[in-house]
Structures are given as structure tokens and as C-alpha cells.
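File shown: coords-v3.txt. Contents: compact mmCIF, C-alpha atoms and all ligand atoms.
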```txt
# COMPACT_ATOMS: atom_id res chain seq x y z
CA MET A 1 -76.80 146.35 -196.87
CA ARG A 2 -76.50 149.14 -199.40
CA MET A 3 -72.98 150.55 -199.50
CA ARG A 4 -74.15 153.38 -201.70
CA ARG A 5 -75.96 154.91 -198.72
CA LEU A 6 -72.48 155.93 -197.53
CA ARG A 7 -72.00 157.86 -200.77
CA SER A 8 -75.40 159.44 -201.13
CA SER A 9 -74.52 163.14 -200.73
CA GLU A 10 -71.48 165.36 -200.38
CA ALA A 11 -72.32 165.89 -196.69
CA ILE A 12 -72.57 162.15 -196.00
CA ARG A 13 -69.42 161.41 -197.97
CA LYS A 14 -67.51 164.00 -195.95
CA LEU A 15 -68.86 162.75 -192.66
CA PHE A 16 -67.88 159.17 -193.41
CA SER A 17 -64.49 159.96 -194.89
CA GLU A 18 -61.79 157.86 -193.22
CA SER A 19 -58.65 159.78 -194.11
CA ARG A 20 -57.71 163.31 -194.87
CA VAL A 21 -54.58 165.27 -195.56
CA ASP A 22 -53.52 167.49 -192.69
CA THR A 23 -51.58 170.50 -193.98
CA SER A 24 -49.63 170.78 -190.75
CA LYS A 25 -48.19 167.32 -191.42
CA LEU A 26 -46.91 168.24 -194.86
CA ILE A 27 -43.23 168.95 -195.42
CA MET A 28 -42.13 171.23 -198.25
CA PRO A 29 -38.74 170.54 -199.85
CA LEU A 30 -36.69 173.58 -200.87
CA PHE A 31 -33.59 173.79 -203.05
CA VAL A 32 -31.12 176.46 -202.03
CA GLN A 33 -28.31 177.42 -204.36
CA GLU A 34 -25.10 179.17 -203.46
CA GLY A 35 -24.08 182.24 -205.46
CA ILE A 36 -27.30 183.11 -207.29
CA LYS A 37 -29.15 186.40 -207.03
CA ALA A 38 -32.71 185.47 -207.90
CA ARG A 39 -34.73 182.26 -207.76
CA SER A 40 -34.26 180.13 -210.83
CA PRO A 41 -36.95 177.80 -212.20
CA ILE A 42 -36.20 174.07 -212.28
CA PRO A 43 -36.98 172.87 -215.81
CA SER A 44 -37.74 169.27 -214.75
CA MET A 45 -40.11 170.39 -211.97
CA PRO A 46 -42.78 172.94 -212.96
CA ARG A 47 -43.27 175.77 -210.40
CA GLN A 48 -40.32 174.61 -208.27
CA TYR A 49 -37.23 176.81 -207.91
CA ARG A 50 -33.68 176.95 -206.73
CA TYR A 51 -33.70 179.75 -204.17
CA PRO A 52 -30.90 182.14 -203.28
CA LEU A 53 -30.31 182.73 -199.56
CA SER A 54 -31.79 186.20 -199.93
CA GLU A 55 -35.24 184.80 -200.84
CA LEU A 56 -35.51 182.24 -198.06
CA ALA A 57 -37.08 184.59 -195.55
CA GLY A 58 -39.87 185.36 -198.02
CA ILE A 59 -40.64 181.83 -199.09
CA SER A 60 -40.40 180.39 -195.59
CA SER A 61 -42.87 182.97 -194.26
CA LYS A 62 -45.27 181.96 -197.03
CA ILE A 63 -44.88 178.30 -196.12
CA GLU A 64 -45.43 179.03 -192.46
CA GLU A 65 -48.49 181.19 -193.11
CA ALA A 66 -49.94 178.38 -195.22
CA GLY A 67 -49.87 176.18 -192.10
CA ILE A 68 -47.30 173.72 -193.41
CA GLY A 69 -45.35 171.86 -190.74
CA ALA A 70 -41.77 171.93 -191.95
CA VAL A 71 -39.31 172.51 -194.73
CA LEU A 72 -36.74 170.00 -195.95
CA LEU A 73 -33.60 171.69 -197.26
CA PHE A 74 -31.26 170.67 -200.04
CA GLY A 75 -28.12 172.70 -200.69
CA ILE A 76 -26.48 173.21 -204.07
CA PRO A 77 -22.90 174.45 -203.55
CA SER A 78 -20.98 176.50 -206.12
CA SER A 79 -18.06 174.09 -206.06
CA LYS A 80 -17.67 170.35 -205.42
CA ASP A 81 -14.73 168.14 -204.46
CA ALA A 82 -13.95 164.43 -204.14
CA LYS A 83 -14.61 164.42 -200.40
CA GLY A 84 -17.81 166.44 -200.57
CA SER A 85 -16.34 168.77 -197.97
CA GLY A 86 -18.82 171.53 -198.84
CA ALA A 87 -21.47 169.47 -197.06
CA TYR A 88 -19.87 170.18 -193.67
CA ALA A 89 -18.40 173.62 -194.34
CA LYS A 90 -19.15 175.94 -191.45
CA LYS A 91 -20.68 178.55 -193.72
CA GLY A 92 -21.78 176.03 -196.35
CA ILE A 93 -24.93 176.60 -198.32
CA ILE A 94 -27.21 174.33 -196.31
CA GLN A 95 -25.87 175.61 -192.99
CA ARG A 96 -26.54 179.21 -194.04
CA ALA A 97 -29.95 178.27 -195.38
CA VAL A 98 -30.88 176.73 -192.04
CA GLU A 99 -29.80 179.88 -190.19
CA GLU A 100 -31.72 182.09 -192.58
CA ILE A 101 -34.99 180.15 -192.19
CA LYS A 102 -34.69 179.74 -188.42
CA ASP A 103 -34.29 183.52 -188.18
CA ALA A 104 -37.22 184.27 -190.44
CA SER A 105 -39.82 181.75 -189.26
CA SER A 106 -40.79 179.31 -186.56
CA LEU A 107 -41.06 176.41 -189.00
CA ALA A 108 -39.44 173.11 -188.11
CA VAL A 109 -36.34 172.94 -190.26
CA ILE A 110 -35.18 169.58 -191.59
CA ALA A 111 -31.73 169.37 -193.19
CA ASP A 112 -31.22 166.64 -195.77
CA LEU A 113 -27.92 165.01 -194.92
CA CYS A 114 -26.27 163.70 -198.04
CA MET A 115 -23.17 164.26 -200.12
CA CYS A 116 -24.38 163.74 -203.70
CA GLU A 117 -24.78 167.50 -204.30
CA TYR A 118 -21.25 168.12 -202.93
CA THR A 119 -19.08 165.35 -204.42
CA THR A 120 -17.55 165.57 -207.90
CA SER A 121 -18.63 161.94 -208.40
CA GLY A 122 -22.28 162.74 -207.67
CA HIS A 123 -22.35 159.80 -205.27
CA CYS A 124 -23.76 159.95 -201.74
CA GLY A 125 -20.41 159.28 -200.09
CA VAL A 126 -16.67 159.00 -200.46
CA LEU A 127 -15.46 156.69 -203.24
CA LYS A 128 -12.79 154.06 -202.71
CA GLY A 129 -11.95 151.51 -205.38
CA GLY A 130 -14.90 152.56 -207.50
CA ASP A 131 -17.57 152.11 -204.82
CA VAL A 132 -18.85 154.30 -202.01
CA HIS A 133 -16.88 153.38 -198.88
CA ASN A 134 -19.34 152.93 -196.04
CA ASP A 135 -17.29 153.78 -192.96
CA LEU A 136 -15.27 156.65 -194.46
CA THR A 137 -18.58 158.11 -195.50
CA LEU A 138 -19.97 157.72 -191.97
CA ASN A 139 -17.15 159.91 -190.65
CA ALA A 140 -18.22 162.64 -193.05
CA TYR A 141 -21.90 162.16 -192.11
CA GLY A 142 -21.03 162.72 -188.44
CA LYS A 143 -19.38 166.03 -189.32
CA ILE A 144 -22.24 167.10 -191.56
CA ALA A 145 -24.80 166.35 -188.86
CA VAL A 146 -22.95 168.43 -186.28
CA SER A 147 -22.52 171.36 -188.70
CA GLN A 148 -26.22 171.30 -189.56
CA ALA A 149 -27.23 171.11 -185.92
CA ASP A 150 -24.81 173.92 -185.08
CA ALA A 151 -26.59 176.00 -187.70
CA GLY A 152 -29.87 175.36 -185.89
CA ALA A 153 -31.49 172.48 -187.79
CA ASP A 154 -34.27 170.89 -185.73
CA ILE A 155 -34.15 167.59 -187.57
CA ILE A 156 -31.35 165.86 -189.47
CA ALA A 157 -32.49 163.60 -192.30
CA PRO A 158 -29.75 161.28 -193.53
CA SER A 159 -30.58 160.11 -197.07
CA GLY A 160 -27.42 158.28 -198.12
CA MET A 161 -28.45 154.75 -197.07
CA MET A 162 -25.08 153.93 -195.50
CA ASP A 163 -25.11 151.17 -192.90
CA GLY A 164 -24.93 152.53 -189.40
CA GLN A 165 -25.63 156.12 -190.40
CA VAL A 166 -28.25 156.74 -187.74
CA ALA A 167 -26.07 155.40 -184.91
CA LYS A 168 -23.09 157.41 -186.13
CA ILE A 169 -25.09 160.62 -186.40
CA ARG A 170 -26.81 160.12 -183.03
CA LYS A 171 -23.41 159.66 -181.42
CA ALA A 172 -21.91 162.71 -183.12
CA LEU A 173 -24.91 164.87 -182.17
CA ASP A 174 -24.89 163.72 -178.55
CA ALA A 175 -21.15 164.27 -178.26
CA SER A 176 -21.50 167.87 -179.44
CA GLY A 177 -24.31 168.91 -177.14
CA HIS A 178 -27.09 168.35 -179.68
CA GLU A 179 -28.91 165.65 -177.78
CA ASN A 180 -32.22 167.37 -178.55
CA THR A 181 -31.75 167.38 -182.32
CA LEU A 182 -34.00 164.82 -183.97
CA ILE A 183 -33.13 162.30 -186.66
CA MET A 184 -35.61 161.48 -189.42
CA ALA A 185 -34.01 158.54 -191.20
CA TYR A 186 -34.52 157.83 -194.86
CA ALA A 187 -34.83 154.22 -193.74
CA ALA A 188 -36.31 152.38 -196.70
CA LYS A 189 -35.08 154.33 -199.68
CA MET A 190 -35.25 152.57 -203.02
CA ALA A 191 -32.91 152.94 -205.98
CA SER A 192 -35.68 154.54 -208.02
CA SER A 193 -36.03 156.08 -211.45
CA PHE A 194 -38.49 158.52 -209.88
CA TYR A 195 -35.62 160.68 -208.57
CA GLY A 196 -34.75 161.83 -212.10
CA PRO A 197 -36.19 165.37 -211.91
CA PHE A 198 -34.60 165.93 -208.48
CA ARG A 199 -31.14 165.09 -209.76
CA THR A 200 -31.47 167.76 -212.43
CA ALA A 201 -32.75 170.17 -209.78
CA ALA A 202 -30.01 169.44 -207.25
CA ASP A 203 -27.22 168.73 -209.75
CA SER A 204 -26.63 165.36 -208.10
CA THR A 205 -26.66 162.80 -210.92
CA PRO A 206 -23.91 160.23 -210.37
CA LYS A 207 -21.14 160.73 -212.94
CA SER A 208 -20.64 156.99 -213.21
CA GLY A 209 -22.71 153.95 -212.33
CA ASP A 210 -25.82 154.14 -210.17
CA ARG A 211 -26.79 154.06 -206.50
CA LYS A 212 -27.73 150.39 -206.33
CA SER A 213 -24.87 149.44 -204.00
CA TYR A 214 -26.40 151.60 -201.26
CA GLN A 215 -30.04 152.38 -202.06
CA MET A 216 -32.18 149.28 -201.83
CA SER A 217 -34.07 147.28 -204.43
CA TYR A 218 -37.74 148.14 -204.81
CA SER A 219 -38.50 144.43 -205.09
CA ASN A 220 -37.65 143.78 -201.42
CA ALA A 221 -40.27 144.32 -198.75
CA ARG A 222 -38.73 142.18 -196.00
CA GLU A 223 -35.39 143.89 -196.47
CA ALA A 224 -37.18 147.25 -196.18
CA MET A 225 -38.60 146.19 -192.80
CA ARG A 226 -35.09 145.18 -191.66
CA GLU A 227 -33.76 148.58 -192.73
CA ILE A 228 -36.47 150.30 -190.69
CA ALA A 229 -35.94 148.03 -187.68
CA MET A 230 -32.22 148.84 -187.71
CA ASP A 231 -32.81 152.58 -187.85
CA VAL A 232 -35.27 152.35 -184.96
CA GLU A 233 -32.68 150.35 -183.03
CA GLU A 234 -29.97 152.90 -183.82
CA GLY A 235 -32.05 155.71 -182.36
CA ALA A 236 -34.02 157.30 -185.19
CA ASP A 237 -36.86 159.56 -184.00
CA ALA A 238 -38.78 159.05 -187.23
CA VAL A 239 -38.37 156.85 -190.28
CA MET A 240 -39.20 157.37 -193.91
CA VAL A 241 -40.29 155.29 -196.87
CA LYS A 242 -39.32 156.62 -200.29
CA PRO A 243 -40.67 156.93 -202.96
CA ALA A 244 -44.18 156.99 -201.54
CA LEU A 245 -46.46 155.93 -204.37
CA THR A 246 -44.58 152.85 -205.52
CA ASN A 247 -44.18 151.73 -201.89
CA LEU A 248 -47.55 152.31 -200.24
CA ASP A 249 -47.53 148.69 -199.07
CA LEU A 250 -44.30 149.41 -197.18
CA VAL A 251 -45.76 152.57 -195.66
CA SER A 252 -48.60 150.47 -194.41
CA LYS A 253 -46.35 147.68 -193.10
CA ALA A 254 -44.02 150.16 -191.37
CA ARG A 255 -46.83 151.19 -188.99
CA ARG A 256 -46.00 148.13 -186.94
CA PHE A 257 -42.89 149.85 -185.57
CA GLY A 258 -44.99 152.44 -183.79
CA ILE A 259 -42.47 155.16 -184.66
CA PRO A 260 -43.42 158.41 -186.43
CA LEU A 261 -43.52 157.65 -190.12
CA ALA A 262 -42.89 159.86 -193.12
CA ALA A 263 -43.38 159.11 -196.81
CA TYR A 264 -41.64 161.04 -199.56
CA ASN A 265 -43.79 161.88 -202.58
CA VAL A 266 -40.72 162.28 -204.80
CA SER A 267 -39.82 164.50 -207.73
CA GLY A 268 -40.73 161.98 -210.44
CA GLU A 269 -44.17 161.54 -208.93
CA TYR A 270 -44.58 165.32 -208.84
CA SER A 271 -43.38 165.90 -212.37
CA ALA A 272 -45.31 162.99 -213.91
CA ILE A 273 -48.58 164.41 -212.57
CA ASN A 274 -47.64 167.85 -213.81
CA ALA A 275 -46.79 166.53 -217.26
CA ALA A 276 -50.08 164.66 -217.57
CA ALA A 277 -52.03 167.66 -216.31
CA GLN A 278 -50.27 170.01 -218.75
CA ARG A 279 -51.50 167.79 -221.57
CA GLY A 280 -55.02 167.88 -220.21
CA TRP A 281 -54.99 164.17 -219.46
CA ILE A 282 -55.77 164.48 -215.77
CA ASP A 283 -57.22 167.14 -213.49
CA TYR A 284 -54.25 168.45 -211.51
CA LYS A 285 -55.96 169.40 -208.24
CA LYS A 286 -58.04 166.26 -208.09
CA ALA A 287 -55.07 164.02 -208.91
CA VAL A 288 -52.85 165.67 -206.30
CA THR A 289 -55.56 165.43 -203.64
CA GLU A 290 -56.06 161.75 -204.47
CA VAL A 291 -52.32 161.04 -204.30
CA LEU A 292 -51.83 162.79 -200.95
CA THR A 293 -54.95 161.22 -199.45
CA SER A 294 -53.80 157.76 -200.51
CA ILE A 295 -50.39 158.26 -198.89
CA SER A 296 -52.11 159.36 -195.71
CA ARG A 297 -54.56 156.42 -195.86
CA ALA A 298 -51.63 154.01 -196.25
CA GLY A 299 -50.42 155.19 -192.85
CA ALA A 300 -47.92 158.01 -193.30
CA ASP A 301 -47.97 160.53 -190.46
CA MET A 302 -45.96 163.08 -192.41
CA ILE A 303 -45.81 163.57 -196.16
CA ILE A 304 -42.89 165.23 -197.87
CA THR A 305 -44.25 166.71 -201.07
CA TYR A 306 -43.47 169.42 -203.61
CA HIS A 307 -47.24 169.95 -203.80
CA ALA A 308 -47.36 171.10 -200.16
CA LEU A 309 -47.57 174.84 -200.69
CA GLU A 310 -50.10 174.79 -203.52
CA PHE A 311 -52.18 172.11 -201.80
CA ALA A 312 -52.38 174.24 -198.65
CA GLY A 313 -53.74 177.06 -200.75
CA TRP A 314 -56.56 174.97 -202.20
CA LYS A 315 -58.25 174.15 -198.92
C1 LIG C 1 -30.06 162.58 -202.07
C2 LIG C 1 -31.52 162.61 -202.28
C3 LIG C 1 -32.22 162.28 -203.44
C4 LIG C 1 -33.55 162.56 -203.17
C5 LIG C 1 -33.62 163.04 -201.87
N1 LIG C 1 -32.36 163.04 -201.33
C6 LIG C 1 -31.76 161.82 -204.75
C7 LIG C 1 -31.12 160.51 -204.90
O1 LIG C 1 -31.08 159.69 -203.98
O2 LIG C 1 -30.60 160.31 -205.99
C8 LIG C 1 -34.67 162.40 -204.16
C9 LIG C 1 -35.85 163.25 -203.89
C10 LIG C 1 -36.81 163.38 -205.02
O3 LIG C 1 -36.69 162.71 -206.08
O4 LIG C 1 -37.73 164.18 -204.87
N2 LIG C 1 -29.50 161.37 -201.79
```
Output the structure of this file as C-alpha cells.
Ligand code: PBG
Amino acid sequence: MRMRRLRSSEAIRKLFSESRVDTSKLIMPLFVQEGIKARSPIPSMPRQYRYPLSELAGISSKIEEAGIGAVLLFGIPSSKDAKGSGAYAKKGIIQRAVEEIKDASSLAVIADLCMCEYTTSGHCGVLKGGDVHNDLTLNAYGKIAVSQADAGADIIAPSGMMDGQVAKIRKALDASGHENTLIMAYAAKMASSFYGPFRTAADSTPKSGDRKSYQMSYSNAREAMREIAMDVEEGADAVMVKPALTNLDLVSKARRFGIPLAAYNVSGEYSAINAAAQRGWIDYKKAVTEVLTSISRAGADMIITYHALEFAGWK
């Protein structure tokens, strides 16, 4: 047997290729900021922006025309409070962003459900005695989910890693007539240093401590499978592993649940590749294609990636 026969020409290599990246399965994250007039560049993430509401129609049409499957929205409010009440404000920034994009496009719209951009503490929930209180936070999550679904979000994506968040959100959605709204659960989300650039982008760095009492340890694969199993049990329509690149083994293992699976190619992964490419140390297009193909090969159905729009343009 000569394995090199399989690699003998570009045509043969293409024909025998086992995995590819499908643009329609990519999800483009967008940051939407309240109270700004023009898009503002995010210093920690080259070619990514905070968008004003007024530019969402334009960018979402571009994303749709590129054949990308969905957008994932993050809101940056102009004021925060201890309860993170801006996250469920009727005319809050993410709610208005959802409306804007639903009006302008037929993209699937995913609303990130979290509180870290809305709380003065920068934590993903309500603090009590110095730690995020699980069940008080769940009450807020229920309200956020309903407000996002009211605004027209197709999919709610809870990213706070509270116990019972999927069950709570499913219940709140069903009770408010949103039984057809999907839940994509950030099921196995690690406390990761690769979120650094995002926190600058979304203004969501915790003011004290870290997120290790709710996000899980990247050393734990069995615990990750339990997290996923619980979200499936609670009624998630899709689950997510995050970050993608440091957890490809978990992406692969999570296939056993038979549920639609997303992987999040996070901000630190995006920015690290950009930084290396800017220095001429790697070829940007080739590196991005390799990264996305490997996430797909590991078993992700959907890939959330800041590269989505540019990648779609390369093919
Ligand atoms: C909010 C949230 C974060 C990310 C997605 N949702 C940040 C965090 O958990 O601190 C990170 C995404 C990225 O790094 O691209 N909880």
C-alpha cells in the first residue's frame, strides 16, 4: 500500500478529502453597542467592530449574501447596574439588535444570553456574598430569554454556565408562547484565558475574581460530558463546546449525544492567529482554513467564528 497515491495531485486530494467547512454552517458573532453613531474598531480583535444599530441592516445583508447561516449577537449597553437589568430591558440593546436584523435579513438570529456585559461586577449573574448566586441568576435568565424571544430571536444561547439554566429558560419560553424558540446551550464552557480579547470587545471583564466558580475547568473531560448530558436532559436543542481548539477531543466525544453540536472558535484563537499573521509568521488564509477544517473534522456541525465572513469570501 502506498498512502501517497491518495495525495498525488490536487484533483485526487480534493476527491479524497474527508472533511470540509460548509459556509452555511458558520455562525458570525456581532457586537452591538448602544449609543454610538458609527462602527468602532475593536483593538484586541483586528477587523472586528462594535456596530451601532443603524449599521446592522448593512452588515447582516452582507453576512446573508455570503451564505453564512446565522449571527450570534452580543449587546453592549450604555449603562450597567448590580442586577444586570439592561439584559432584559424591553428596548435593551440586544433586543433592538435582534429586531433590526430580523427586519433586514432572513438570517437565523442567535441571542447570547448572559449578564456579564450588563452587570457592574462584570460577572455572568447576580452576586450574593461575593459569589454569583445560581438561582437568583436563573430568575433573571428566564426574563432575558423571554425578552429576547419577544424581540424575535430564533435561538437563545445561554452562556453563563449556571446550573439548571436550560430547564429554566425552556420553561420561561414555553410559558410565554415561545415554544418554537430554540435553545443552543453553551454546555461545556471552560474558564479560559482565550476569552481575553472578547472581554475587551464586550466590556465584560469581571471587576473582581474570575469565573471559575461557574465556568468549568479545562482539565475535566468527564465533567464536560456530564454538563452536556444535563443540558440535553433539560431540553437543549443544540449544545456547544467552547473554546473549540483547546477542546477538540470534547467536540469529538460530544458526538455520542446525537444532538446538534456547535463549537466556538473564540476571540483569543482569532486574535492569536491574526497576531502571528501580522508578523509574517504564518499564512493567514491557510491557517484559518486549517483551523476551521480541524474543528469540522473533530465533529462540530456548526462553527461560531469571527473568521466567518472573510472565510466565506475566500471560497
Ligand atoms: C459571556 C461570553 C463570553 C464569551 C462568549 N460569551 C466571555 C466570558 O465568558 O468571559 C467569549 C467569546 C469569545 O472569547 O470569543 N459569558
Give me, as a tab-separated table, each residue of stretch 168-267 of chain A that comes within 9 Å of stretch 97-119 of chain A, together with its shortest interatomic pair and the distance in Å at one decimal, counting all atoms listed in the file, with rows ordered by chain and rising residue number.
```
residue	atom	partner	partner_atom	distance
A:Met184	CA	A:Ile110	CA	8.4
A:Arg199	CA	A:Glu117	CA	8.7
A:Ala202	CA	A:Glu117	CA	6.3
A:Asp203	CA	A:Glu117	CA	6.1
A:Ser204	CA	A:Glu117	CA	4.7
A:Thr205	CA	A:Cys116	CA	7.6
A:Pro206	CA	A:Cys116	CA	7.6
```
Can you pull out every residue within 12 Å of stretch 1-17 of chain A, counting only C-alpha atoms, but drop anything in the same chain fewer than 2 positions away, and send it as a ChimeraX atom specification?
/A:19-21,293,297
Return as a ChimeraX atom specification every polymer residue, whether protein, DNA or RNA, with at least one atom no more than 10 Å from an atom of ligand LIG 1 (chain C); count all atoms listed in the file.
/A:29,45,72-74,112-117,122-125,157-161,186,189-206,210-211,214-215,242-243,264-271,304-306
Using only C-alpha atoms for the distances, tell me which of A:Lys80, A:Lys25, A:His178, A:Lys171 is nearest to A:Gly152.
A:His178
At what distance in Å, to one decimal, does atom CA of A:Glu223 lie from atom CA of A:Arg256?
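If I compute the distance from atom CA of A:Arg256 to atom CA of A:Glu223, I get 14.9 Å.
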One number please: atom CA of A:Glu64 to atom CA of A:Leu182, in Å, one decimal.
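Going from atom CA of A:Glu64 over to atom CA of A:Leu182 covers 20.1 Å.
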Report, in Å to a single decimal, how far apart atom CA of A:Ser24 and atom CA of A:Ser54 are.
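Interatomic distance, atom CA of A:Ser54 to atom CA of A:Ser24: 25.3 Å.
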Step by step: start from the point (-19.2, 163.7, -190.0) in the file's coordinates, keep every protein, DNA or RNA residue that has an atom no farther than 12 Å from it, count all atoms listed in the file, and write the set as a ChimeraX atom specification.
/A:83-89,113-115,125-126,135-149,158,165-173,175-176
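Minimum distance to A:Ile228 across A:Pro43, A:Gly164, A:Gly280, A:Gly209 (counting only C-alpha atoms) occurs at A:Gly164.
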Given the choices A:Pro52, A:Ala276, A:Ser40, A:Glu18, which gets closest to A:Ser294 if the distance is worked out from only C-alpha atoms?
A:Glu18
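Using all atoms listed in the file, the smallest distance between any of A:Ala298, A:Leu292, A:Ala254, A:Val132 and A:Phe311 comes from A:Leu292.
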Compile the contact shell of A:Ala263 as JSON, numbers by chain: residues with an atom at most 8 Å away, counting only C-alpha atoms, same-chain residues fewer than 5 positions apart removed.
{"A": [240, 241, 242, 243, 244, 251, 295, 300, 301, 302, 303, 304]}
Which residues are close to A:Gly35, i.e. within 9 Å by all atoms listed in the file, leaving aside same-chain residues fewer than 2 positions away? Reply as a VMD selection string.
chain A and resid 33 37 52 to 53 77 to 78
Could you write those residues out with C-alpha atoms, as a JSON list (two decimals), in the coordinates of the input?
```
[["chain", "number", "residue", "atom", "x", "y", "z"],
["A", 33, "GLN", "CA", -28.31, 177.42, -204.36],
["A", 37, "LYS", "CA", -29.15, 186.40, -207.03],
["A", 52, "PRO", "CA", -30.90, 182.14, -203.28],
["A", 53, "LEU", "CA", -30.31, 182.73, -199.56],
["A", 77, "PRO", "CA", -22.90, 174.45, -203.55],
["A", 78, "SER", "CA", -20.98, 176.50, -206.12]]
```
Just checking: using only C-alpha atoms, which residue out of A:Ala308, A:Leu250, A:Ile155, A:Val71 ends up closest to A:Ala188?
A:Leu250
Quick one: of A:Ile282, A:Ala57, A:Ala66, A:Ala185, who's nearest to A:Glu233, counting only C-alpha atoms?
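Comparing A:Ile282, A:Ala57, A:Ala66, A:Ala185 against A:Glu233, the winner is A:Ala185.
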